[in-house]
$ cat input.cif   # mmCIF, C-alpha atoms (C1' of nucleotides) and all ligand atoms
data_upload
loop_
_atom_site.label_atom_id
_atom_site.label_comp_id
_atom_site.auth_asym_id
_atom_site.auth_seq_id
_atom_site.Cartn_x
_atom_site.Cartn_y
_atom_site.Cartn_z
CA MET F 1 -6.36 -25.61 1.22
CA LEU F 2 -8.99 -23.39 2.84
CA LEU F 3 -7.21 -22.97 6.14
CA THR F 4 -8.99 -23.17 9.45
CA TYR F 5 -8.80 -20.16 11.66
CA ASP F 6 -6.27 -21.93 13.89
CA GLN F 7 -4.12 -22.83 10.89
CA ILE F 8 -4.07 -19.18 9.89
CA LEU F 9 -3.00 -18.11 13.36
CA GLU F 10 -0.30 -20.76 13.30
CA GLN F 11 0.96 -19.56 9.93
CA LEU F 12 1.13 -16.01 11.25
CA LYS F 13 3.14 -17.15 14.26
CA GLU F 14 5.52 -19.06 11.98
CA LYS F 15 6.08 -15.99 9.86
CA GLY F 16 6.58 -13.79 12.91
CA ILE F 17 3.56 -11.60 12.22
CA ASN F 18 2.24 -9.96 15.34
CA LEU F 19 -1.54 -10.06 15.61
CA SER F 20 -2.65 -6.73 17.01
CA TYR F 21 -6.27 -6.08 17.90
CA GLN F 22 -6.94 -4.35 14.59
CA ARG F 23 -5.21 -7.03 12.54
CA LEU F 24 -7.16 -9.73 14.34
CA LYS F 25 -10.43 -7.96 13.57
CA VAL F 26 -9.57 -7.59 9.89
CA LEU F 27 -8.68 -11.28 9.75
CA ASP F 28 -11.92 -12.14 11.54
CA PHE F 29 -13.91 -10.10 9.08
CA LEU F 30 -12.29 -11.78 6.09
CA TYR F 31 -12.87 -15.18 7.61
CA LYS F 32 -16.50 -14.60 8.54
CA ASN F 33 -17.45 -12.60 5.44
CA GLN F 34 -16.10 -14.61 2.55
CA ILE F 35 -17.74 -12.34 0.02
CA HIS F 36 -14.56 -10.76 -1.38
CA PRO F 37 -14.98 -7.54 0.59
CA THR F 38 -13.38 -4.26 -0.39
CA VAL F 39 -11.38 -2.08 2.00
CA GLU F 40 -14.47 0.13 2.25
CA GLN F 41 -16.65 -2.83 3.22
CA ILE F 42 -14.14 -4.04 5.78
CA TYR F 43 -13.94 -0.53 7.19
CA LEU F 44 -17.71 -0.12 7.44
CA GLY F 45 -18.01 -3.56 8.96
CA LEU F 46 -15.52 -2.83 11.72
CA VAL F 47 -15.71 0.87 12.48
CA LYS F 48 -18.71 0.47 14.80
CA GLN F 49 -16.67 -1.89 16.94
CA ILE F 50 -13.44 0.10 16.54
CA PRO F 51 -14.44 3.76 16.21
CA THR F 52 -10.83 4.90 15.83
CA LEU F 53 -10.13 2.49 12.98
CA SER F 54 -8.29 3.91 10.01
CA LYS F 55 -8.46 2.65 6.45
CA THR F 56 -4.68 2.90 6.33
CA THR F 57 -4.56 0.18 8.97
CA ILE F 58 -6.74 -2.01 6.80
CA TYR F 59 -4.51 -1.42 3.80
CA ASN F 60 -1.43 -2.17 5.93
CA THR F 61 -2.94 -5.32 7.38
CA LEU F 62 -4.01 -6.60 3.99
CA LYS F 63 -0.55 -5.98 2.58
CA ILE F 64 0.95 -8.00 5.43
CA LEU F 65 -1.51 -10.84 4.95
CA ILE F 66 -0.99 -10.84 1.18
CA ASN F 67 2.80 -10.94 1.54
CA ALA F 68 2.43 -13.79 4.01
CA GLY F 69 0.43 -15.62 1.34
CA LEU F 70 -2.69 -15.79 3.49
CA VAL F 71 -4.92 -13.46 1.51
CA ARG F 72 -5.38 -12.94 -2.20
CA GLU F 73 -6.19 -9.65 -3.89
CA ILE F 74 -8.84 -9.63 -6.62
CA PRO F 75 -8.23 -6.48 -8.68
CA PHE F 76 -11.02 -6.36 -11.22
CA LYS F 77 -10.53 -3.33 -13.44
CA GLY F 78 -12.87 -0.40 -12.78
CA ARG F 79 -13.74 -1.26 -9.21
CA GLU F 80 -12.01 -1.29 -5.86
CA SER F 81 -9.82 -4.28 -5.22
CA CYS F 82 -11.42 -6.96 -3.13
CA TYR F 83 -9.84 -9.54 -0.91
CA ASP F 84 -10.22 -13.27 -0.57
CA ILE F 85 -9.07 -15.44 2.32
CA ASN F 86 -9.99 -18.57 0.39
CA LEU F 87 -6.74 -19.80 -1.14
CA ASP F 88 -8.29 -22.81 -2.84
CA PRO F 89 -7.49 -22.53 -6.53
CA HIS F 90 -10.58 -21.06 -8.13
CA GLY F 91 -11.64 -18.44 -10.66
CA HIS F 92 -13.54 -15.19 -10.22
CA PHE F 93 -16.45 -13.88 -12.23
CA CYS F 94 -17.57 -10.25 -12.05
CA CYS F 95 -21.08 -9.43 -13.25
CA ASP F 96 -21.34 -6.38 -15.51
CA SER F 97 -24.83 -5.75 -14.23
CA CYS F 98 -24.82 -6.22 -10.44
CA ASN F 99 -21.04 -5.90 -10.03
CA GLN F 100 -21.03 -8.90 -7.73
CA ILE F 101 -18.08 -11.25 -7.68
CA TYR F 102 -18.68 -14.99 -7.91
CA ASP F 103 -16.29 -17.84 -7.26
CA PHE F 104 -16.17 -20.68 -9.71
CA GLN F 105 -14.50 -24.03 -9.39
CA ILE F 106 -11.58 -24.46 -11.71
CA ASP F 107 -8.17 -25.89 -10.95
CA VAL F 108 -5.94 -23.12 -12.25
CA ASN F 109 -2.93 -25.36 -11.66
CA LEU F 110 -4.13 -27.48 -14.54
CA ILE F 111 -3.63 -24.57 -16.91
CA LYS F 112 -0.33 -25.45 -18.53
CA SER F 113 1.38 -23.80 -21.44
CA LYS F 114 4.68 -24.89 -22.85
CA ASP F 115 5.45 -21.22 -23.49
CA LEU F 116 5.97 -20.94 -19.73
CA GLU F 117 8.10 -24.06 -19.31
CA ASP F 118 11.10 -22.12 -18.05
CA PHE F 119 9.13 -19.51 -16.14
CA LYS F 120 8.63 -19.48 -12.39
CA ILE F 121 4.91 -18.98 -11.84
CA ARG F 122 3.88 -17.39 -8.55
CA ASP F 123 0.27 -16.46 -9.17
CA ARG F 124 -2.38 -17.79 -11.50
CA ASP F 125 -5.43 -15.61 -11.82
CA VAL F 126 -8.50 -16.39 -13.88
CA TYR F 127 -10.95 -13.51 -14.26
CA PHE F 128 -14.16 -13.83 -16.20
CA LYS F 129 -16.68 -11.10 -16.94
CA GLY F 130 -20.24 -11.18 -18.19
CA VAL F 131 -23.73 -11.35 -16.74
CA CYS F 132 -24.63 -13.61 -13.85
CA SER F 133 -27.59 -16.00 -13.93
CA ARG F 134 -29.55 -13.92 -11.43
CA CYS F 135 -29.28 -10.79 -13.58
CA LEU F 136 -30.01 -12.77 -16.75
CA SER F 137 -33.26 -14.07 -15.28
CA LYS F 138 -34.35 -10.55 -14.34
CA ILE F 139 -34.44 -9.42 -17.95
CA MET D 1 -8.58 -14.80 -35.20
CA LEU D 2 -5.64 -12.39 -35.47
CA LEU D 3 -7.26 -10.07 -37.97
CA THR D 4 -5.40 -8.69 -40.94
CA TYR D 5 -5.15 -4.96 -41.18
CA ASP D 6 -7.79 -4.94 -43.91
CA GLN D 7 -10.13 -7.05 -41.81
CA ILE D 8 -9.79 -4.53 -38.99
CA LEU D 9 -10.62 -1.65 -41.32
CA GLU D 10 -13.62 -3.60 -42.60
CA GLN D 11 -14.85 -4.25 -39.06
CA LEU D 12 -14.55 -0.56 -38.27
CA LYS D 13 -16.57 0.32 -41.36
CA GLU D 14 -19.23 -2.22 -40.39
CA LYS D 15 -19.50 -0.72 -36.93
CA GLY D 16 -19.64 2.81 -38.30
CA ILE D 17 -16.44 3.92 -36.67
CA ASN D 18 -14.81 6.80 -38.48
CA LEU D 19 -11.04 6.43 -38.87
CA SER D 20 -9.55 9.84 -38.30
CA TYR D 21 -5.84 10.46 -38.83
CA GLN D 22 -5.08 10.04 -35.13
CA ARG D 23 -7.18 6.90 -34.77
CA LEU D 24 -5.49 5.39 -37.80
CA LYS D 25 -2.08 6.10 -36.31
CA VAL D 26 -3.02 4.52 -32.97
CA LEU D 27 -4.33 1.47 -34.80
CA ASP D 28 -1.14 1.33 -36.87
CA PHE D 29 0.97 1.50 -33.78
CA LEU D 30 -0.92 -1.32 -32.10
CA TYR D 31 -0.68 -3.44 -35.22
CA LYS D 32 3.02 -2.86 -35.81
CA ASN D 33 4.08 -2.97 -32.16
CA GLN D 34 2.41 -6.02 -30.74
CA ILE D 35 4.21 -5.68 -27.46
CA HIS D 36 1.19 -4.74 -25.33
CA PRO D 37 2.04 -1.05 -25.28
CA THR D 38 0.80 1.36 -22.64
CA VAL D 39 -0.84 4.69 -23.41
CA GLU D 40 2.48 6.32 -22.55
CA GLN D 41 4.34 4.11 -25.03
CA ILE D 42 1.80 4.76 -27.75
CA TYR D 43 2.05 8.47 -27.05
CA LEU D 44 5.85 8.51 -27.16
CA GLY D 45 5.80 6.41 -30.29
CA LEU D 46 3.51 8.79 -32.15
CA VAL D 47 4.15 12.26 -30.82
CA LYS D 48 7.16 12.84 -33.08
CA GLN D 49 4.94 12.23 -36.09
CA ILE D 50 1.95 14.06 -34.58
CA PRO D 51 3.34 16.83 -32.39
CA THR D 52 -0.13 18.01 -31.35
CA LEU D 53 -1.19 14.54 -30.19
CA SER D 54 -2.95 14.36 -26.86
CA LYS D 55 -3.06 11.39 -24.53
CA THR D 56 -6.78 11.95 -24.19
CA THR D 57 -7.11 11.10 -27.87
CA ILE D 58 -5.27 7.85 -27.29
CA TYR D 59 -7.54 7.01 -24.36
CA ASN D 60 -10.60 7.87 -26.46
CA THR D 61 -9.43 5.84 -29.42
CA LEU D 62 -8.62 2.83 -27.27
CA LYS D 63 -12.05 3.00 -25.65
CA ILE D 64 -13.67 3.00 -29.07
CA LEU D 65 -11.56 0.08 -30.28
CA ILE D 66 -12.21 -1.87 -27.10
CA ASN D 67 -15.96 -1.33 -27.32
CA ALA D 68 -15.85 -2.44 -30.93
CA GLY D 69 -14.17 -5.62 -29.75
CA LEU D 70 -11.01 -4.96 -31.74
CA VAL D 71 -8.61 -4.34 -28.89
CA ARG D 72 -8.21 -5.94 -25.50
CA GLU D 73 -7.10 -4.19 -22.35
CA ILE D 74 -4.57 -5.95 -20.12
CA PRO D 75 -4.88 -4.35 -16.69
CA PHE D 76 -2.19 -5.93 -14.56
CA LYS D 77 -2.40 -4.53 -11.05
CA GLY D 78 0.26 -2.00 -10.11
CA ARG D 79 1.19 -0.88 -13.61
CA GLU D 80 -0.43 1.07 -16.41
CA SER D 81 -2.92 -0.85 -18.47
CA CYS D 82 -1.56 -2.14 -21.71
CA TYR D 83 -3.36 -2.92 -24.91
CA ASP D 84 -3.41 -5.91 -27.24
CA ILE D 85 -4.70 -6.04 -30.78
CA ASN D 86 -4.20 -9.80 -30.86
CA LEU D 87 -7.62 -11.27 -30.12
CA ASP D 88 -6.49 -14.87 -30.35
CA PRO D 89 -7.39 -16.52 -27.06
CA HIS D 90 -4.20 -16.51 -25.01
CA GLY D 91 -2.94 -15.80 -21.53
CA HIS D 92 -0.67 -13.06 -20.21
CA PHE D 93 2.28 -13.40 -17.91
CA CYS D 94 3.83 -10.38 -16.16
CA CYS D 95 7.37 -10.74 -14.81
CA ASP D 96 7.91 -9.45 -11.27
CA SER D 97 11.48 -8.61 -12.12
CA CYS D 98 11.56 -6.97 -15.57
CA ASN D 99 7.86 -6.06 -15.64
CA GLN D 100 7.58 -7.32 -19.20
CA ILE D 101 4.38 -8.94 -20.40
CA TYR D 102 4.55 -12.25 -22.22
CA ASP D 103 1.87 -14.02 -24.22
CA PHE D 104 1.34 -17.68 -23.67
CA GLN D 105 -0.69 -20.11 -25.69
CA ILE D 106 -3.73 -21.39 -23.88
CA ASP D 107 -7.25 -21.78 -25.16
CA VAL D 108 -9.19 -19.91 -22.52
CA ASN D 109 -12.42 -21.11 -24.11
CA LEU D 110 -11.58 -24.57 -22.87
CA ILE D 111 -11.80 -23.37 -19.29
CA LYS D 112 -15.23 -24.59 -18.28
CA SER D 113 -16.83 -24.59 -14.88
CA LYS D 114 -20.28 -25.90 -14.16
CA ASP D 115 -20.65 -23.08 -11.63
CA LEU D 116 -21.01 -20.76 -14.63
CA GLU D 117 -23.49 -22.90 -16.58
CA ASP D 118 -26.19 -20.27 -16.49
CA PHE D 119 -23.86 -17.28 -16.78
CA LYS D 120 -23.25 -15.31 -19.94
CA ILE D 121 -19.48 -15.02 -20.27
CA ARG D 122 -18.19 -12.04 -22.22
CA ASP D 123 -14.50 -11.99 -21.32
CA ARG D 124 -12.09 -14.66 -20.16
CA ASP D 125 -8.81 -13.34 -18.83
CA VAL D 126 -5.92 -15.45 -17.61
CA TYR D 127 -3.18 -13.54 -15.82
CA PHE D 128 -0.10 -15.22 -14.47
CA LYS D 129 2.69 -13.61 -12.47
CA GLY D 130 6.17 -14.74 -11.56
CA VAL D 131 9.67 -14.51 -12.98
CA CYS D 132 10.41 -14.97 -16.66
CA SER D 133 13.08 -17.35 -17.96
CA ARG D 134 15.35 -14.50 -19.01
CA CYS D 135 15.35 -12.98 -15.51
CA LEU D 136 15.74 -16.43 -13.92
CA SER D 137 18.88 -17.09 -15.96
CA LYS D 138 20.39 -13.77 -14.90
CA ILE D 139 20.49 -14.76 -11.25
"C1'" DT B 1 9.01 0.88 38.45
"C1'" DA B 2 10.72 4.09 35.20
"C1'" DA B 3 13.16 4.87 30.99
"C1'" DT B 4 13.94 3.53 26.50
"C1'" DA B 5 13.35 1.20 22.26
"C1'" DT B 6 10.31 -1.02 18.98
"C1'" DA B 7 6.03 -1.79 16.77
"C1'" DT B 8 1.55 -0.25 15.38
"C1'" DT B 9 -2.07 2.90 14.42
"C1'" DT B 10 -3.86 7.02 12.79
"C1'" DG B 11 -4.85 11.24 9.94
"C1'" DT B 12 -3.39 13.89 6.35
"C1'" DA B 13 -1.10 14.81 2.20
"C1'" DA B 14 0.74 13.12 -2.11
"C1'" DT B 15 0.49 10.16 -6.12
"C1'" DC B 16 -0.89 8.99 -10.54
"C1'" DA B 17 -3.43 6.70 -14.07
"C1'" DT B 18 -7.71 7.60 -15.82
"C1'" DT B 19 -11.91 10.30 -16.74
"C1'" DA B 20 -14.75 14.53 -17.25
"C1'" DC B 21 -15.36 18.51 -19.52
"C1'" DA B 22 -15.49 22.31 -22.55
"C1'" DA B 23 -13.15 25.06 -25.95
"C1'" DA B 24 -10.95 24.75 -30.40
"C1'" DG B 25 -10.49 22.59 -34.65
"C1'" DT B 26 -12.07 19.59 -38.46
"C1'" DT B 27 -15.20 17.42 -41.58
"C1'" DA B 28 -19.77 16.66 -43.58
"C1'" DA B 29 -24.35 18.11 -44.84
"C1'" DA B 30 -27.70 21.55 -46.16
"C1'" DT X 1 -21.46 29.68 -47.23
"C1'" DT X 2 -23.87 28.36 -43.09
"C1'" DT X 3 -24.91 25.01 -39.98
"C1'" DA X 4 -24.49 20.83 -37.70
"C1'" DA X 5 -21.92 16.83 -36.22
"C1'" DC X 6 -17.72 14.90 -35.08
"C1'" DT X 7 -12.97 14.87 -33.27
"C1'" DT X 8 -9.08 16.57 -30.91
"C1'" DT X 9 -6.90 18.95 -27.39
"C1'" DG X 10 -5.56 20.86 -22.74
"C1'" DT X 11 -6.83 21.28 -18.25
"C1'" DA X 12 -9.17 20.10 -14.18
"C1'" DA X 13 -11.32 16.54 -11.38
"C1'" DT X 14 -11.50 11.89 -9.60
"C1'" DG X 15 -10.54 8.30 -6.50
"C1'" DA X 16 -8.22 4.36 -4.92
"C1'" DT X 17 -3.93 3.62 -3.05
"C1'" DT X 18 0.50 4.93 -0.95
"C1'" DA X 19 3.78 7.89 1.64
"C1'" DC X 20 4.74 9.96 5.65
"C1'" DA X 21 5.16 11.48 10.27
"C1'" DA X 22 2.99 12.22 14.68
"C1'" DA X 23 0.57 9.74 18.27
"C1'" DT X 24 -0.27 5.64 20.70
"C1'" DA X 25 0.64 1.06 22.32
"C1'" DT X 26 3.67 -2.71 23.45
"C1'" DA X 27 8.04 -4.81 24.67
"C1'" DT X 28 12.65 -4.48 26.62
"C1'" DT X 29 16.09 -2.87 29.64
"C1'" DA X 30 18.12 -0.75 33.62
MN MN F 201 -12.84 -16.23 -4.27
MN MN F 202 -1.28 -10.67 -25.75
ZN ZN F 203 -25.42 -9.95 -11.77
ZN ZN F 204 11.68 -10.88 -16.47
#
$ encode --input "input.cif" --output "structure tokens" --more "lines below"
Ligand SMILES: [Mn+2]
Ligand SMILES: [Mn+2]
Ligand SMILES: [Zn+2]
Ligand SMILES: [Zn+2]
Amino acid sequence: MLLTYDQILEQLKEKGINLSYQRLKVLDFLYKNQIHPTVEQIYLGLVKQIPTLSKTTIYNTLKILINAGLVREIPFKGRESCYDINLDPHGHFCCDSCNQIYDFQIDVNLIKSKDLEDFKIRDRDVYFKGVCSRCLSKI
Amino acid sequence: MLLTYDQILEQLKEKGINLSYQRLKVLDFLYKNQIHPTVEQIYLGLVKQIPTLSKTTIYNTLKILINAGLVREIPFKGRESCYDINLDPHGHFCCDSCNQIYDFQIDVNLIKSKDLEDFKIRDRDVYFKGVCSRCLSKI
DNA sequence: TAATATATTTGTAATCATTACAAAGTTAAA
DNA sequence: TTTAACTTTGTAATGATTACAAATATATTA
């Protein structure tokens, strides 16, 4: 379910979302830098190209993309939210030491609980914390 | 692994954490109101008994209890953090409509991913969002 | 084309939960 | 009692995010 760039554009058209220059660049950045960037990182990555760029525009664009279901927010506590264009079901690990966010394969749709039988589930987020292998090997 | 009150007191003793009057009251509140209260709720629940109580004390106490591994923070995005003295592995569901937080049974320790083989995992959080059965039936 | 309406971007100000900090108060040790 | 260590309290600072309105760009209409 990792959409191609064209599939994303198609989805946006379907949902009637106008792709301005700024919005296109934010989308580009997310697509080409699948490292769960923060608003700050997106801003720094684009402001050379678009000197007038405002962070508010990035926030607005991300909100639009999130509401359209094309981007996912990863709000680890104690750090800026970061954003993920990869909609494949997977979990996120944040390293206490280097603060980096790692994807890990896990089908969150397989997590069932009969306590939620009559609930309508919209989002399933799995967040792990600890120390990554790289940081462990540095000790 | 839901500790009895005495087990909690024992753990605190072991870890050299002094139980002041205020800390005891916060602990009491968490133990008697296992509804994932916020700092605000804890404050409102205790300030009649302790008119001089400060929210800073509640934040401090919670930090101490969290570091001691006796309380878990539930930081759903877009709302105050709430706090859980139930350390049994379980997931949390937040209803879009009534904003209430529900527990659901799920053994998070069973969530394995070979991508994390060499990682040291300290915390496993499962957060679901959607609409609860009560709100669904109201429609 | 010009005039008008609509959509988007931008910069600044406001928000608000949380944290930092230091003074005041409490308890323990000498 | 004196001193030190700990705890609480109130206030100020923080910082990511949101609210807002002016400026700019784009689309529509006459
Ligand atoms: Mn990811
Ligand atoms: Mn719980
Ligand atoms: Zn690391
Ligand atoms: Zn509900």
$ residues_around --input "input.cif" --residues "Pro75 in chain F" --least-positions-apart "3" --cutoff "9 Å" --atoms "only C-alpha atoms (C1' of nucleotides)" --output "CSV table (one decimal) with C-alpha atoms, keeping the file's coordinate frame"
chain,number,residue,atom,x,y,z
F,78,GLY,CA,-12.9,-0.4,-12.8
F,79,ARG,CA,-13.7,-1.3,-9.2
F,80,GLU,CA,-12.0,-1.3,-5.9
F,81,SER,CA,-9.8,-4.3,-5.2
F,82,CYS,CA,-11.4,-7.0,-3.1
F,83,TYR,CA,-9.8,-9.5,-0.9
D,75,PRO,CA,-4.9,-4.4,-16.7
D,76,PHE,CA,-2.2,-5.9,-14.6
D,77,LYS,CA,-2.4,-4.5,-11.0
$ residues_around --input "input.cif" --residues "Thr57 in chain F" --least-positions-apart "6" --cutoff "9 Å" --atoms "all atoms listed in the file" --output "list in words"
Gln22 and Arg23 of chain F; DT8, DT9 and DT10 of chain B
$ interface_residues --input "input.cif" --of "chain B" --to "chain D" --cutoff "12 Å" --atoms "only C-alpha atoms (C1' of nucleotides)" --output "list in words"
DC16, DA17, DT18, DT19, DA20, DC21, DG25, DT26 and DT27 of chain B
$ closest_atom_pairs --input "input.cif" --of "chain X" --to "chain F" --cutoff "12 Å" --atoms "only C-alpha atoms (C1' of nucleotides)" --output "tab-separated table"
residue	atom	partner	partner_atom	distance
X:DG15	C1'	F:Glu80	CA	9.7
X:DA16	C1'	F:Glu80	CA	6.9
X:DT17	C1'	F:Tyr59	CA	8.5
X:DT18	C1'	F:Thr56	CA	9.2
X:DA19	C1'	F:Thr56	CA	10.9
X:DC20	C1'	F:Thr56	CA	11.8
X:DT24	C1'	F:Thr52	CA	11.7
X:DA25	C1'	F:Ser20	CA	10.0
X:DT26	C1'	F:Ser20	CA	9.9
$ write_last_selection --input "input.cif" --atoms "C-alpha atoms (C1' of nucleotides)" --output "PDB file, keeping the file's coordinate frame"
ATOM      1  C1'  DG X  15     -10.540   8.300  -6.500  1.00  0.00           C
ATOM      2  C1'  DA X  16      -8.220   4.360  -4.920  1.00  0.00           C
ATOM      3  C1'  DT X  17      -3.930   3.620  -3.050  1.00  0.00           C
ATOM      4  C1'  DT X  18       0.500   4.930  -0.950  1.00  0.00           C
ATOM      5  C1'  DA X  19       3.780   7.890   1.640  1.00  0.00           C
ATOM      6  C1'  DC X  20       4.740   9.960   5.650  1.00  0.00           C
ATOM      7  C1'  DT X  24      -0.270   5.640  20.700  1.00  0.00           C
ATOM      8  C1'  DA X  25       0.640   1.060  22.320  1.00  0.00           C
ATOM      9  C1'  DT X  26       3.670  -2.710  23.450  1.00  0.00           C
TER      10       DT X  26
END
$ atom_distance --input "input.cif" --atom1 "C1' of DA3 in chain B" --atom2 "CA of Gly16 in chain F"
26.8 Å
$ residues_around --input "input.cif" --residues "DT3 in chain X" --least-positions-apart "6" --cutoff "12 Å" --atoms "only C-alpha atoms (C1' of nucleotides)" --output "JSON list (two decimals) with C-alpha atoms (C1' of nucleotides), keeping the file's coordinate frame"
[["chain", "number", "residue", "atom", "x", "y", "z"],
["B", 28, "DA", "C1'", -19.77, 16.66, -43.58],
["B", 29, "DA", "C1'", -24.35, 18.11, -44.84],
["B", 30, "DA", "C1'", -27.70, 21.55, -46.16]]
$ interface_residues --input "input.cif" --of "chain D" --to "chain F" --cutoff "7 Å" --atoms "all atoms listed in the file" --output "PDB file with C-alpha atoms, in the frame of the given file"
ATOM      1  CA  PRO D  75      -4.880  -4.350 -16.690  1.00  0.00           C
ATOM      2  CA  LYS D  77      -2.400  -4.530 -11.050  1.00  0.00           C
ATOM      3  CA  PHE D 104       1.340 -17.680 -23.670  1.00  0.00           C
ATOM      4  CA  GLN D 105      -0.690 -20.110 -25.690  1.00  0.00           C
ATOM      5  CA  ILE D 106      -3.730 -21.390 -23.880  1.00  0.00           C
ATOM      6  CA  SER D 113     -16.830 -24.590 -14.880  1.00  0.00           C
ATOM      7  CA  ASP D 115     -20.650 -23.080 -11.630  1.00  0.00           C
ATOM      8  CA  LEU D 116     -21.010 -20.760 -14.630  1.00  0.00           C
ATOM      9  CA  ASP D 118     -26.190 -20.270 -16.490  1.00  0.00           C
ATOM     10  CA  PHE D 119     -23.860 -17.280 -16.780  1.00  0.00           C
ATOM     11  CA  LYS D 120     -23.250 -15.310 -19.940  1.00  0.00           C
ATOM     12  CA  ILE D 121     -19.480 -15.020 -20.270  1.00  0.00           C
ATOM     13  CA  ARG D 122     -18.190 -12.040 -22.220  1.00  0.00           C
ATOM     14  CA  ASP D 123     -14.500 -11.990 -21.320  1.00  0.00           C
ATOM     15  CA  ARG D 124     -12.090 -14.660 -20.160  1.00  0.00           C
ATOM     16  CA  ASP D 125      -8.810 -13.340 -18.830  1.00  0.00           C
ATOM     17  CA  VAL D 126      -5.920 -15.450 -17.610  1.00  0.00           C
ATOM     18  CA  TYR D 127      -3.180 -13.540 -15.820  1.00  0.00           C
ATOM     19  CA  PHE D 128      -0.100 -15.220 -14.470  1.00  0.00           C
ATOM     20  CA  LYS D 129       2.690 -13.610 -12.470  1.00  0.00           C
ATOM     21  CA  GLY D 130       6.170 -14.740 -11.560  1.00  0.00           C
ATOM     22  CA  VAL D 131       9.670 -14.510 -12.980  1.00  0.00           C
ATOM     23  CA  CYS D 132      10.410 -14.970 -16.660  1.00  0.00           C
ATOM     24  CA  SER D 133      13.080 -17.350 -17.960  1.00  0.00           C
TER      25      SER D 133
END
$ closest_residue --input "input.cif" --among "X:DA23, X:DA12, X:DA30, X:DA5" --to "DA22 in chain B" --atoms "all atoms listed in the file"
X:DA12
$ closest_residue --input "input.cif" --among "F:Leu30, F:Lys138, F:Glu40, F:Asp84" --to "Leu53 in chain F" --atoms "only C-alpha atoms"
F:Glu40
$ closest_residue --input "input.cif" --among "F:Leu19, F:Tyr5, F:Lys13, F:Gly45" --to "DA7 in chain B" --atoms "all atoms listed in the file"
F:Leu19
$ atom_distance --input "input.cif" --atom1 "atom MN of ligand MN 202 (chain F)" --atom2 "CA of His36 in chain D"
6.4 Å
$ atom_distance --input "input.cif" --atom1 "CA of Asp88 in chain F" --atom2 "CA of Leu12 in chain F"
18.3 Å
$ closest_residue --input "input.cif" --among "F:Ser54, F:Ser97, F:Asn109, F:Gln11" --to "ligand ZN 203 (chain F)" --atoms "only C-alpha atoms and all ligand atoms"
F:Ser97
$ axis_aligned_box --input "input.cif" --around "range 94-97 of chain F" --padding-each-side "4 Å" --output "JSON"
{"center_x": -21.2, "center_y": -8.0, "center_z": -13.8, "size_x": 15.3, "size_y": 12.5, "size_z": 11.5}
$ closest_residue --input "input.cif" --among "F:Pro89, F:Lys15, F:Glu10, F:Leu3" --to "ligand MN 201 (chain F)" --atoms "all atoms listed in the file"
F:Pro89
$ closest_residue --input "input.cif" --among "D:Gln34, D:Asn67, D:Gln49, D:Asn99" --to "ligand MN 202 (chain F)" --atoms "all atoms listed in the file"
D:Gln34
